[in-house]
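Chemist: I'd like to ask you about the structure that follows.
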Amino acid sequence: MAPQRESVPMLPRLQLLALLFLPLLLVPQPIAGHGGKYSREKNEPEMAAKREPGEEFRMEKLNQLWEKAQRLHLSPVKLAELHSDLKIQERDELNWKKLKVEGLDKDGEREAKLVHNLNVILARYGLDGRKNTQMVHSNSLNEDTQDELGDPRLEKLWHKAKTSGKFSNEELDKLWREFLHHKEKIHEYNVLLDTLSRAEEGYENLLNPSDMNHIKSDALSSKHSELKDRLRSINQGLDRLRKVSHQGYSPTTEFEEPRVIDLWDLAQTANFTEKELESFREELKHFEAKIEKHNHYQKQLEISHQKLKHVESIGDAEHISRNKEKYVLLEEKTKELGYKVKKHLQDLSSRVSRAQHNEL
């Protein structure tokens, strides 16, 4: 009997959603039934309960990405940021696998989101094999940062603020962090846009037109919604930078950290009750303190790295050992705080997003 040609359209929905994102996934697929480092056993939750000695993550594919990142010679701060992102990814994937065992996520929507998130991480840190996907900048304000913003509108606003005489040195440093945060939001938007465009191309290449519309609407609509939210945030952020650059900081400014300012602006337009908004304000204060602590450790990590490089160039074994020990401790603390900051940001962003959508 001739083989049935309906087999591709009748693939399980979950598999179709996973196929959508194949172009960016760099981790090799299983080639052996048992024991290999790419095998099902190495990445399923039953075998992921314990981390192998010397490995950073419980899931082998994330260890592979971590090893690749170390070969790219990313800065210590950038590596610590990647580590935090991968920890969040691991947590979400292991939680999803538990849901899958319980028979949930039958339509594959959660899985598609996880694969999309991983692809964004790959692009963000230059792990997807494409050039110029990383964004490099310094949090410190110096004479060489004038052309670092990469956007004529931002550079014009920055120059106006810097020469206006309305800002103290401390306020200029604070404003510079806001400009860099805005630049990062634009970069993140472009990464998401590029990832989504390639995902849609995957649909065109892998599915028959009769199947595509039904699955595409479910799998990609949330991503288009996320892009719209991010673009709205970018426009609001640019309006804020214009206002601050022209008028200076208000004496009653409540928050200083750009991510916290963004969340507070969004919260005030969301469907929170007065009591809920006040509670959210208090939580943002705690979140800002956590960010400031993380920023402090990031700076100390960078200083320690430079000092270690200097000591290694001299060749004093005792000093090298002592500085390396201090560097490792700072690195671990920076990773730990980075994970806590990202997890807290994720939770706060979800709360604001739910409140905004409840309003619609």
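Going through the structure tokens in order, the chains are called A, B, and so on, while each chain numbers its residues from 1 and the ligands are numbered from 1 in the order shown.
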What residues in region 111-356 of chain A get the DSSP label alpha helix (DSSP H)? Please answer as a PyMOL selection string.
Modeler: chain A and resi 111-124+152-163+169-206+209-247+258-268+274-314+317-356
Chemist: Tell me which protein, DNA and RNA residues are within 10 Å of Gln247 (chain A), counting only C-alpha atoms, leaving out same-chain ones fewer than 4 positions away, and put them as a list in words.
Modeler: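 That gives Ala161, Ser164, Lys166, Phe167, Leu241, Arg242 and Lys243 of chain A.
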Chemist: Give me, as a PyMOL selection string, all polymer residues having an atom no more than 8 Å from region 302-313 of chain A, counting only C-alpha atoms and skipping those fewer than 3 positions away in the same chain.
Modeler: chain A and resi 76-77+298-299+316+319-320+323-324+326-327
Chemist: Please identify all polymer residues within 9 Å of Leu348 (chain A), counting only C-alpha atoms, omitting same-chain residues fewer than 5 positions from it, and present them as a list of chain:residue names.
Modeler: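 In the requested format, the answer is A:Leu263, A:Phe280, A:Glu283, A:Leu284, A:Lys343, A:Ser353.
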Chemist: Print the selection's residues with C-alpha atoms to a file, as a PDB file, in the first residue's frame.
Modeler:
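Final output, part_14.pdb:
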```pdb
ATOM      1  CA  LEU A 263       8.009  49.409  35.847  1.00  0.00           C
ATOM      2  CA  PHE A 280       3.828  47.616  44.202  1.00  0.00           C
ATOM      3  CA  GLU A 283       8.195  46.272  46.338  1.00  0.00           C
ATOM      4  CA  LEU A 284       9.912  48.402  43.694  1.00  0.00           C
ATOM      5  CA  LYS A 343      13.828  36.503  38.558  1.00  0.00           C
ATOM      6  CA  SER A 353       1.420  42.841  32.268  1.00  0.00           C
TER       7      SER A 353
END
```
Chemist: Could you list, as a list in words, every residue within 7 Å of Leu86 (chain A), counting only C-alpha atoms and ignoring same-chain residues fewer than 4 positions away?
Modeler: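 Counting only the stated atoms, we get Leu62, Leu82 and Glu90 of chain A.
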Chemist: Just how far from CA of His159 (chain A) is CA of Gln236 (chain A), in Å to one decimal?
Modeler: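 CA of Gln236 (chain A) sits 20.2 Å away from CA of His159 (chain A).
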Chemist: With only C-alpha atoms as the basis for distance, which of A:Glu332, A:Glu155, A:Asp229, A:Asp265 is at the shortest distance from Ser245 (chain A)?
Modeler: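 Ranked by minimum distance to Ser245 (chain A), first place goes to A:Glu155.
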Chemist: Excluding Leu99 (chain A) and its own-chain neighbours fewer than 4 positions away, which residues fall within 12 Å of it when counting only C-alpha atoms? Please give them as a list of chain:residue names.
Modeler: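 Residues meeting the cut-off are A:Pro45, A:Asp92, A:Glu93, A:Leu94, A:Asn95, A:Gly103, A:Leu104, A:Asp105, A:Lys106, A:Gly108, A:Arg110, A:Glu111.
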Chemist: Quick one: write out the picked residues with N, CA, C and O atoms as a CSV table (one decimal), in the first residue's frame?
Modeler:
```csv
chain,number,residue,atom,x,y,z
A,45,PRO,N,13.9,15.7,33.4
A,45,PRO,CA,13.9,16.1,34.8
A,45,PRO,C,14.4,15.0,35.7
A,45,PRO,O,15.0,15.3,36.7
A,92,ASP,N,12.7,27.4,34.1
A,92,ASP,CA,11.5,27.4,33.4
A,92,ASP,C,11.3,26.1,32.6
A,92,ASP,O,10.2,25.5,32.5
A,93,GLU,N,12.4,25.6,32.0
A,93,GLU,CA,12.3,24.3,31.3
A,93,GLU,C,12.0,23.1,32.2
A,93,GLU,O,11.2,22.3,31.8
A,94,LEU,N,12.7,23.1,33.3
A,94,LEU,CA,12.4,22.0,34.2
A,94,LEU,C,11.0,22.0,34.8
A,94,LEU,O,10.3,21.0,34.9
A,95,ASN,N,10.5,23.2,35.0
A,95,ASN,CA,9.1,23.4,35.5
A,95,ASN,C,8.1,22.9,34.4
A,95,ASN,O,7.1,22.2,34.6
A,103,GLY,N,0.6,15.9,31.8
A,103,GLY,CA,-0.3,16.0,30.7
A,103,GLY,C,-0.8,17.3,30.3
A,103,GLY,O,-1.7,17.5,29.6
A,104,LEU,N,-0.1,18.4,30.8
A,104,LEU,CA,-0.5,19.8,30.5
A,104,LEU,C,0.3,20.2,29.3
A,104,LEU,O,1.3,19.6,28.8
A,105,ASP,N,0.0,21.4,28.8
A,105,ASP,CA,0.7,22.0,27.6
A,105,ASP,C,0.5,21.1,26.4
A,105,ASP,O,1.5,20.9,25.7
A,106,LYS,N,-0.7,20.6,26.2
A,106,LYS,CA,-0.9,19.7,25.1
A,106,LYS,C,-0.8,20.4,23.8
A,106,LYS,O,-0.5,19.8,22.7
A,108,GLY,N,1.4,22.7,23.1
A,108,GLY,CA,2.8,23.1,22.9
A,108,GLY,C,3.1,24.6,23.0
A,108,GLY,O,4.2,25.0,22.7
A,110,ARG,N,3.5,26.5,25.7
A,110,ARG,CA,4.6,26.8,26.7
A,110,ARG,C,5.9,26.4,26.1
A,110,ARG,O,6.9,27.1,26.3
A,111,GLU,N,6.0,25.2,25.4
A,111,GLU,CA,7.2,24.8,24.9
A,111,GLU,C,7.7,25.8,23.8
A,111,GLU,O,8.9,26.1,23.8
```
Chemist: Considering only C-alpha atoms, state which residue in the set A:Gln70, A:Ala199, A:Arg177, A:Lys61 is at the smallest distance from Trp158 (chain A).
Modeler: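 That would be A:Arg177, the residue with the smallest distance to Trp158 (chain A).
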Chemist: Between CA of Ser349 (chain A) and CA of Leu196 (chain A), what is the distance, to one decimal in Å?
Modeler: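 According to the coordinates, CA of Ser349 (chain A) and CA of Leu196 (chain A) are separated by 20.8 Å.
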Chemist: Let me make sure I understand: among A:Glu178, A:Asp239, A:Glu274, A:Glu200, which one has the smallest atom-to-atom distance to Arg259 (chain A) if we use only C-alpha atoms?
Modeler: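 Residue with the minimum atom-to-atom distance to Arg259 (chain A): A:Glu178.
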Chemist: Tell me, in Å to one decimal, how far CA of Lys290 (chain A) is from CA of Glu336 (chain A).
Modeler: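 Between CA of Lys290 (chain A) and CA of Glu336 (chain A) the gap is 11.5 Å.
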